[in-house]
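Visitor: Could you have a look at this structure, given as structure tokens, before my questions?
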There are 4 protein chains.
Amino acid sequence: MKMNGKPLVILNFKTYLESTGLNALKIAKASEEVADETGVVIAVATQAPDLWRISREVNIPVFAQHVDAIDSGGHTGSILLESVKQAGAQGTLINHSEQRMELADMEMVVKKANQADMVSVACTNNVDTSAAAAILKPDFVAIEPPELIGSGIPVSQAEPEIVEGTVEVIHDISPEVGVLCGAGISTGDDMKAALDLGTEGVLLASGIILADDPKEALLGLVSKL
Amino acid sequence: MKMNGKPLVILNFKTYLESTGLNALKIAKASEEVADETGVVIAVATQAPDLWRISREVNIPVFAQHVDAIDSGGHTGSILLESVKQAGAQGTLINHSEQRMELADMEMVVKKANQADMVSVACTNNVDTSAAAAILKPDFVAIEPPELIGSGIPVSQAEPEIVEGTVEVIHDISPEVGVLCGAGISTGDDMKAALDLGTEGVLLASGIILADDPKEALLGLVSKL
Amino acid sequence: MKMNGKPLVILNFKTYLESTGLNALKIAKASEEVADETGVVIAVATQAPDLWRISREVNIPVFAQHVDAIDSGGHTGSILLESVKQAGAQGTLINHSEQRMELADMEMVVKKANQADMVSVACTNNVDTSAAAAILKPDFVAIEPPELIGSGIPVSQAEPEIVEGTVEVIHDISPEVGVLCGAGISTGDDMKAALDLGTEGVLLASGIILADDPKEALLGLVSKL
Amino acid sequence: MKMNGKPLVILNFKTYLESTGLNALKIAKASEEVADETGVVIAVATQAPDLWRISREVNIPVFAQHVDAIDSGGHTGSILLESVKQAGAQGTLINHSEQRMELADMEMVVKKANQADMVSVACTNNVDTSAAAAILKPDFVAIEPPELIGSGIPVSQAEPEIVEGTVEVIHDISPEVGVLCGAGISTGDDMKAALDLGTEGVLLASGIILADDPKEALLGLVSKL
């Protein structure tokens, strides 16, 4: 996934009906249009059953929302990294706040993702867990202060020091690990503020997914870049 | 899913590489051929990322291996029943031994499956848990005595009384709940024995998936019916 | 644990500081006094680290809040039934809404408790899960409709049919399984209503634990019996 | 817990019957004798129900095997740090291989332990997870290469580079985090080798617990120091 210095927007589809099946495809296509029109890199993290269909129909990166810490074998119902990759995923979220993982499992999945040349985005909740996650060398750490998730409070106003502190500490640990801002982002100003704080992009969900017009919401988000 | 009195074979693809992606599609097509040639109802329970693709390309029932006890919303990385249904799943395994569920979650998922007109197959490990599962009114209970899983011991020889006891107790609780035999089935004789013990079919995995020639293995399995 | 037809009150200490350590001991002693003064059977379900101390100092039944589905061996950090029993527990809650268990684990723990002659109290959330739990033959099923937990709404007014339905269905499955009412009980009238609905007692927590005077709160609770 | 430069032995009682209840007390007393006779610091990590009793009867540090990532409140069946502390625990294992924790939970528990002045020992499985754990600033990281757990292979022969690498990387992250060797230690030579590799002690279990004479086994372990 080449970003060439452009900001990255990852759109987490979660498990809303508004972003399931045919609806997921529509938002993925809208995301592709915005990416084409603006030059921003937009990746969509879809539910596992939608990966194959969406990755066939859009030309933007498609991510899984989670993969389990397993190797191939007898693991009925688990999500195998090799499976999401063959279904078209170029990357995966890891340790999302709605799908926390054990430390040893995070380490295994990041390693598997690196070996499979898949992008790994480890979600974290504060500076310390961000630093610990960065040690594992995922491609990105997405910091989501729990106070800001779904709060509507812009991260730039509420807790810029968490994001700044995370950027600093992570770049100290490994300059190759990018930082994304995963909460408190609703508007174009928020997105710009997140980049100004040193992040390489944002991880978004309901603000776009549940908008009356997701394409317009995405366009607004990247309008100040 | 109409069975019209025919025996049911559910093939659990688990997370083997041999049954992932393109390989999964091949085994699904082989299953379709055997179903067509023999009249046995064969359903394939694929990994979530393979559901869409396989359900588009074969004309046999495709099942999920698991769905989570959630309603639509913010559940990143979880498997939503509505999502697997839209991806083509006609049913789902529940509470597989490799993906055990809490009792309250089983109840919720069976209810959701019934409302969505999806087939639910609750896996269990002994007579008591089978009876408890039957109370929830899934379409099928698949009894898998842990001693027999992957043992190669035919269920008809090792523990026929567990299967017989399960059939009896479940039919006592609800005649509409079918019983499947989920372990100790390798050969055509085993399959016939399972039906003779009162089950409506079998739940199978590695014996077929990892066979040199899965189609031949399936043909052997149903050869004595 | 002999009840001799008397109603049973189980007081769940949860993990409040108000019911930890020395505070736990105080509430246990208050419970003992109320039991002595009123003839009601009162059991206290304490945190695991408090079992030994409290069971040495009071002469009422002491219960664990949970035990894990393990046999003795290498299970660091788990709660072994044999361990809580040796520490003085005469029974244990199972599958509390704050500690849900897999069906197969419930079955194993109920069986272990029965063999160890310990009282098992399986918590459930509706009529169907209550019936499924009753199949496993615990000593009691404690029905806690989630809508009522901590709501302050008396069960007798809000959902008497859930409690009545549970009593009916469970006695149909096994007359030996007692039913407790686990939510919507605050006052003496509520307690009386719960018994009138066919239960053998109640499972209580914060209403007593967090009361200014737990002993007085307990006395009020049993005042209409 | 003052070590004054002396090596530390933590004895994990796990959930063996041999180290439950009265048996646990006996091994704790034997450990106290060895500590007194040899000057080695020996801590015993008992099951939660045994904490109160043992911490009253021996004069060596008593640890919990696990605490849950909760604050006080409604968490029936969970292990509250404040509860194990009041029961006499001076420290706790965290993230043991038999009780893995989510990264965010590890961070919360280490922070709570530090605030409560309790010793935290985070168990890990390789160099990367050890480094990530060290970021959280527990008092100790106990490295347990899974290949060595229960293998009987001395760590000094099998994988000294994992222990050495862990020591190096952790001291680089924080010199205040001590390293313990948690697998591959059976004899006095192994214990000496572990210290020579730069660790401050060992975390042991079945080799001592299940020995015919645990005291003698402990004496042998510390005989080469």
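Starting from 1 in every chain, residues are counted up; chains themselves are A, B, ... following the order of the structure tokens, and ligands are numbered from 1 as listed.
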Please report as CSV every residue of chain D lying within 9 Å of chain A, along with the nearest atom pair and their distance in Å (one decimal), using only C-alpha atoms.

Guide:
residue,atom,partner,partner_atom,distance
D:Asn95,CA,A:Leu103,CA,8.6
D:Arg100,CA,A:Glu102,CA,6.2
D:Met101,CA,A:Glu102,CA,5.1
D:Glu102,CA,A:Glu102,CA,3.8
D:Leu103,CA,A:Leu103,CA,4.9
D:Ala104,CA,A:Thr129,CA,6.3
D:Asp105,CA,A:Glu102,CA,8.8
D:Met106,CA,A:Leu103,CA,8.5
D:Glu107,CA,A:Thr129,CA,6.7
D:Thr124,CA,A:Ala104,CA,7.5
D:Asn125,CA,A:Ala104,CA,7.2
D:Asn126,CA,A:Ala104,CA,8.7
D:Asp128,CA,A:Leu136,CA,6.3
D:Thr129,CA,A:Ala104,CA,6.3
D:Ala131,CA,A:Ile135,CA,6.9
D:Ala132,CA,A:Ala132,CA,4.3
D:Ala133,CA,A:Ala132,CA,6.7
D:Ala134,CA,A:Ala132,CA,8.1
D:Ile135,CA,A:Ala132,CA,5.7
D:Leu136,CA,A:Asp128,CA,6.3

Visitor: Hey, what does DSSP flag as helix (DSSP H, G or I) within stretch 38-184 of chain D? Can you give it to me as a ChimeraX atom specification?

Guide: /D:38,48-57,81-86,103-115,127-135,155-158,160-173

Visitor: How would the residues just picked look written out with C-alpha atoms as a CSV table (one decimal), in the first residue's frame?

Guide:
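To be explicit, this is the file written out as again-v3.csv:
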chain,number,residue,atom,x,y,z
D,38,THR,CA,19.5,-19.8,52.7
D,48,ALA,CA,-6.9,-16.6,45.5
D,49,PRO,CA,-8.9,-18.5,48.2
D,50,ASP,CA,-5.7,-19.4,50.0
D,51,LEU,CA,-4.2,-15.9,50.2
D,52,TRP,CA,-5.6,-14.9,53.5
D,53,ARG,CA,-4.8,-18.0,55.4
D,54,ILE,CA,-1.2,-18.4,54.0
D,55,SER,CA,-0.3,-14.7,54.4
D,56,ARG,CA,-1.3,-15.0,58.1
D,57,GLU,CA,0.8,-18.0,58.7
D,81,LEU,CA,-6.5,-6.1,43.2
D,82,GLU,CA,-7.8,-4.4,46.3
D,83,SER,CA,-9.2,-7.7,47.5
D,84,VAL,CA,-6.1,-9.7,47.1
D,85,LYS,CA,-4.1,-6.9,48.7
D,86,GLN,CA,-6.4,-6.9,51.7
D,103,LEU,CA,-2.6,-5.5,26.4
D,104,ALA,CA,-4.9,-2.7,27.6
D,105,ASP,CA,-5.7,-4.8,30.7
D,106,MET,CA,-2.1,-5.5,31.4
D,107,GLU,CA,-1.4,-1.8,31.3
D,108,MET,CA,-4.3,-1.1,33.7
D,109,VAL,CA,-3.3,-3.8,36.2
D,110,VAL,CA,0.4,-2.8,36.3
D,111,LYS,CA,-0.6,0.8,36.9
D,112,LYS,CA,-3.0,-0.3,39.7
D,113,ALA,CA,-0.3,-2.5,41.2
D,114,ASN,CA,2.2,0.3,41.1
D,115,GLN,CA,-0.2,2.7,42.8
D,127,VAL,CA,11.8,-11.1,23.3
D,128,ASP,CA,9.3,-8.9,21.6
D,129,THR,CA,6.4,-9.4,24.0
D,130,SER,CA,8.9,-9.0,26.9
D,131,ALA,CA,10.0,-5.7,25.5
D,132,ALA,CA,6.4,-4.6,25.1
D,133,ALA,CA,5.6,-5.7,28.6
D,134,ALA,CA,8.6,-3.8,30.0
D,135,ILE,CA,7.2,-0.6,28.4
D,155,VAL,CA,17.1,-22.9,29.7
D,156,SER,CA,20.9,-22.4,29.8
D,157,GLN,CA,21.4,-25.1,27.2
D,158,ALA,CA,18.3,-24.7,25.1
D,160,PRO,CA,20.1,-18.9,26.5
D,161,GLU,CA,19.9,-16.3,23.8
D,162,ILE,CA,16.2,-15.7,24.5
D,163,VAL,CA,16.9,-15.0,28.1
D,164,GLU,CA,20.0,-12.9,27.3
D,165,GLY,CA,18.2,-11.1,24.6
D,166,THR,CA,15.3,-10.3,26.9
D,167,VAL,CA,17.6,-9.1,29.6
D,168,GLU,CA,19.4,-6.8,27.2
D,169,VAL,CA,16.3,-5.4,25.5
D,170,ILE,CA,14.5,-4.8,28.8
D,171,HIS,CA,17.4,-3.1,30.5
D,172,ASP,CA,17.6,-0.9,27.5
D,173,ILE,CA,13.9,0.0,27.9

Visitor: Tell me which protein, DNA and RNA residues are within 8 Å of C:Val34, counting only C-alpha atoms, leaving out same-chain ones fewer than 3 positions away, and put them as a list in words.

Guide: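 My reading of the contact set: Ala30, Ser31, Glu37, Thr38, Gly39, Val40, Lys215, Leu218 and Leu219 of chain C.
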
Visitor: Suppose you want the space between atom CA of D:Phe140 and atom CA of D:Met191; what is it in Å?

Guide: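 Pair atom CA of D:Phe140 / atom CA of D:Met191 returns 16.8 Å.
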
Visitor: Of the candidates C:Ala87, C:His96, C:Gly5, C:Ala211, which shows the shortest atom-to-atom distance to D:Ala24, using only C-alpha atoms?

Guide: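 Of C:Ala87, C:His96, C:Gly5, C:Ala211, the one nearest D:Ala24, counting only C-alpha atoms, is C:Ala87.
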
Visitor: Using only C-alpha atoms, which residues sit within 12 Å of A:Thr187 once same-chain residues fewer than 4 positions away are excluded, as an NGL selection string?

Guide: :A and (152-156 or 183 or 191-194 or 202 or 204 or 207-208 or 216-225)

Visitor: Just all heavy atoms for this one: save the residues we selected as a compact mmCIF listing (two decimals), in the first residue's frame.

Guide:
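Here's the written file out.txt:
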# COMPACT_ATOMS: atom_id res chain seq x y z
N GLY A 152 -17.76 13.13 19.91
CA GLY A 152 -17.98 14.34 19.15
C GLY A 152 -17.01 15.46 19.53
O GLY A 152 -16.98 16.52 18.91
N ILE A 153 -16.18 15.23 20.55
CA ILE A 153 -15.19 16.23 20.94
C ILE A 153 -13.98 16.13 20.01
O ILE A 153 -13.41 15.04 19.87
CB ILE A 153 -14.71 16.01 22.39
CG1 ILE A 153 -15.91 15.94 23.35
CG2 ILE A 153 -13.73 17.09 22.81
CD1 ILE A 153 -15.52 15.57 24.77
N PRO A 154 -13.57 17.23 19.38
CA PRO A 154 -12.40 17.16 18.49
C PRO A 154 -11.15 16.84 19.29
O PRO A 154 -10.92 17.42 20.35
CB PRO A 154 -12.31 18.58 17.91
CG PRO A 154 -13.62 19.22 18.18
CD PRO A 154 -14.18 18.56 19.41
N VAL A 155 -10.36 15.91 18.77
CA VAL A 155 -9.14 15.50 19.47
C VAL A 155 -8.19 16.67 19.65
O VAL A 155 -7.45 16.76 20.64
CB VAL A 155 -8.45 14.33 18.74
CG1 VAL A 155 -7.86 14.79 17.42
CG2 VAL A 155 -7.39 13.70 19.63
N SER A 156 -8.22 17.59 18.71
CA SER A 156 -7.29 18.72 18.76
C SER A 156 -7.60 19.61 19.96
O SER A 156 -6.74 20.28 20.50
CB SER A 156 -7.39 19.54 17.49
OG SER A 156 -8.76 19.93 17.30
N ALA A 183 -9.92 8.74 17.10
CA ALA A 183 -11.14 9.20 17.78
C ALA A 183 -11.10 10.70 17.81
O ALA A 183 -10.02 11.32 17.73
CB ALA A 183 -11.22 8.64 19.20
N MET A 191 -9.39 16.66 10.94
CA MET A 191 -8.45 15.85 10.14
C MET A 191 -7.15 16.63 9.97
O MET A 191 -6.06 16.06 10.14
CB MET A 191 -9.10 15.55 8.80
CG MET A 191 -8.19 14.95 7.75
SD MET A 191 -8.25 13.12 7.72
CE MET A 191 -6.76 12.76 6.74
N LYS A 192 -7.26 17.89 9.66
CA LYS A 192 -6.05 18.71 9.50
C LYS A 192 -5.28 18.78 10.83
O LYS A 192 -4.04 18.66 10.86
CB LYS A 192 -6.43 20.11 9.04
CG LYS A 192 -5.21 20.97 8.69
CD LYS A 192 -5.61 22.27 8.02
CE LYS A 192 -4.34 23.10 7.71
NZ LYS A 192 -3.43 23.23 8.86
N ALA A 193 -6.03 18.96 11.91
CA ALA A 193 -5.37 19.03 13.22
C ALA A 193 -4.63 17.74 13.54
O ALA A 193 -3.52 17.75 14.09
CB ALA A 193 -6.42 19.33 14.31
N ALA A 194 -5.24 16.61 13.19
CA ALA A 194 -4.60 15.32 13.47
C ALA A 194 -3.27 15.21 12.74
O ALA A 194 -2.28 14.74 13.30
CB ALA A 194 -5.54 14.17 13.07
N VAL A 202 -6.00 9.07 9.73
CA VAL A 202 -7.05 8.86 10.73
C VAL A 202 -7.75 7.52 10.51
O VAL A 202 -7.72 6.95 9.42
CB VAL A 202 -8.12 9.98 10.67
CG1 VAL A 202 -7.50 11.34 11.03
CG2 VAL A 202 -8.78 10.05 9.31
N LEU A 204 -11.55 6.10 11.07
CA LEU A 204 -12.89 6.65 11.27
C LEU A 204 -13.95 5.57 11.17
O LEU A 204 -13.73 4.54 10.55
CB LEU A 204 -13.20 7.67 10.17
CG LEU A 204 -12.41 8.96 10.19
CD1 LEU A 204 -12.63 9.70 8.89
CD2 LEU A 204 -12.88 9.81 11.37
N GLY A 207 -19.04 8.30 12.13
CA GLY A 207 -19.24 9.65 11.60
C GLY A 207 -19.46 9.65 10.09
O GLY A 207 -20.25 10.45 9.57
N ILE A 208 -18.79 8.74 9.41
CA ILE A 208 -18.96 8.63 7.95
C ILE A 208 -20.04 7.60 7.61
O ILE A 208 -20.94 7.86 6.83
CB ILE A 208 -17.62 8.22 7.28
CG1 ILE A 208 -16.50 9.18 7.68
CG2 ILE A 208 -17.80 8.10 5.77
CD1 ILE A 208 -16.62 10.59 7.17
N GLU A 216 -20.29 12.69 0.82
CA GLU A 216 -20.16 14.10 1.17
C GLU A 216 -19.40 14.24 2.50
O GLU A 216 -18.57 15.13 2.65
CB GLU A 216 -21.55 14.72 1.29
CG GLU A 216 -21.56 16.22 1.10
CD GLU A 216 -22.98 16.70 0.70
OE1 GLU A 216 -23.71 15.88 0.09
OE2 GLU A 216 -23.33 17.83 1.02
N ALA A 217 -19.70 13.36 3.44
CA ALA A 217 -19.02 13.42 4.73
C ALA A 217 -17.52 13.20 4.55
O ALA A 217 -16.70 13.89 5.15
CB ALA A 217 -19.61 12.37 5.67
N LEU A 218 -17.16 12.24 3.68
CA LEU A 218 -15.75 11.98 3.40
C LEU A 218 -15.10 13.19 2.73
O LEU A 218 -13.97 13.58 3.05
CB LEU A 218 -15.59 10.76 2.50
CG LEU A 218 -15.40 9.41 3.17
CD1 LEU A 218 -15.35 8.31 2.13
CD2 LEU A 218 -14.10 9.40 4.00
N LEU A 219 -15.82 13.79 1.77
CA LEU A 219 -15.28 14.96 1.08
C LEU A 219 -15.04 16.09 2.07
O LEU A 219 -14.01 16.78 2.00
CB LEU A 219 -16.25 15.42 -0.02
CG LEU A 219 -16.21 14.59 -1.31
CD1 LEU A 219 -17.37 14.96 -2.24
CD2 LEU A 219 -14.87 14.79 -2.03
N GLY A 220 -15.97 16.28 2.99
CA GLY A 220 -15.79 17.31 4.01
C GLY A 220 -14.57 17.03 4.86
O GLY A 220 -13.77 17.93 5.17
N LEU A 221 -14.38 15.77 5.19
CA LEU A 221 -13.28 15.38 6.06
C LEU A 221 -11.92 15.73 5.46
O LEU A 221 -11.01 16.15 6.18
CB LEU A 221 -13.35 13.86 6.30
CG LEU A 221 -12.35 13.33 7.30
CD1 LEU A 221 -12.87 13.55 8.71
CD2 LEU A 221 -12.05 11.87 7.05
N VAL A 222 -11.80 15.55 4.16
CA VAL A 222 -10.48 15.77 3.53
C VAL A 222 -10.39 17.15 2.89
O VAL A 222 -9.42 17.44 2.18
CB VAL A 222 -10.18 14.66 2.49
CG1 VAL A 222 -10.24 13.29 3.17
CG2 VAL A 222 -11.15 14.71 1.33
N SER A 223 -11.36 18.01 3.15
CA SER A 223 -11.46 19.29 2.42
C SER A 223 -10.39 20.30 2.82
O SER A 223 -10.08 21.21 2.07
CB SER A 223 -12.84 19.92 2.67
OG SER A 223 -13.01 20.16 4.06
N LYS A 224 -9.80 20.13 3.97
CA LYS A 224 -8.83 21.13 4.43
C LYS A 224 -7.38 20.69 4.18
O LYS A 224 -6.45 21.35 4.65
CB LYS A 224 -9.01 21.38 5.93
CG LYS A 224 -10.39 21.92 6.33
CD LYS A 224 -10.62 23.32 5.81
CE LYS A 224 -12.03 23.83 6.03
NZ LYS A 224 -12.38 24.04 7.43
N LEU A 225 -7.21 19.58 3.48
CA LEU A 225 -5.84 19.09 3.30
C LEU A 225 -5.16 19.79 2.12
O LEU A 225 -5.80 20.26 1.22
CB LEU A 225 -5.88 17.57 3.08
CG LEU A 225 -6.57 16.79 4.19
CD1 LEU A 225 -6.49 15.31 3.90
CD2 LEU A 225 -5.92 17.09 5.53

Visitor: What does the distance from atom CA of A:Ala43 to atom CA of A:Leu11 come to in Å, to one decimal?

Guide: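 So the answer is 6.1 Å.
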
Visitor: Name all residues at most 8 Å from C:Gly73 (count only C-alpha atoms; drop same-chain ones fewer than 2 positions away) and give them as an MDAnalysis selection string.

Guide: (chainID C and resid 71 75) or (chainID D and resid 14:17)

Visitor: Please identify the strand (DSSP E) residues within stretch 14-132 of chain D (assignment by DSSP from backbone atoms) and present them as a PyMOL selection string.

Guide: chain D and resi 41-46+62-64+91-94+119-124

Visitor: For the atom pair atom CA of A:Asp213 and atom CA of B:Gly88, what is the interatomic distance in Å to one decimal place?

Guide: 27.3 Å

Visitor: Tell me, as a list in words, which residues lie within 7 Å of D:Val119, counting only C-alpha atoms; anything in the same chain fewer than 5 positions away does not count.

Guide: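 Counting only C-alpha atoms, the residues come to Gln90, Gly91, Thr92, Ala113 and Asp139 of chain D.
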
Visitor: Might you pull out every residue within 8 Å of A:Ile60, with only C-alpha atoms counted and same-chain residues fewer than 3 positions away left off, and present them as a ChimeraX atom specification?

Guide: /A:32,35,41-44,55
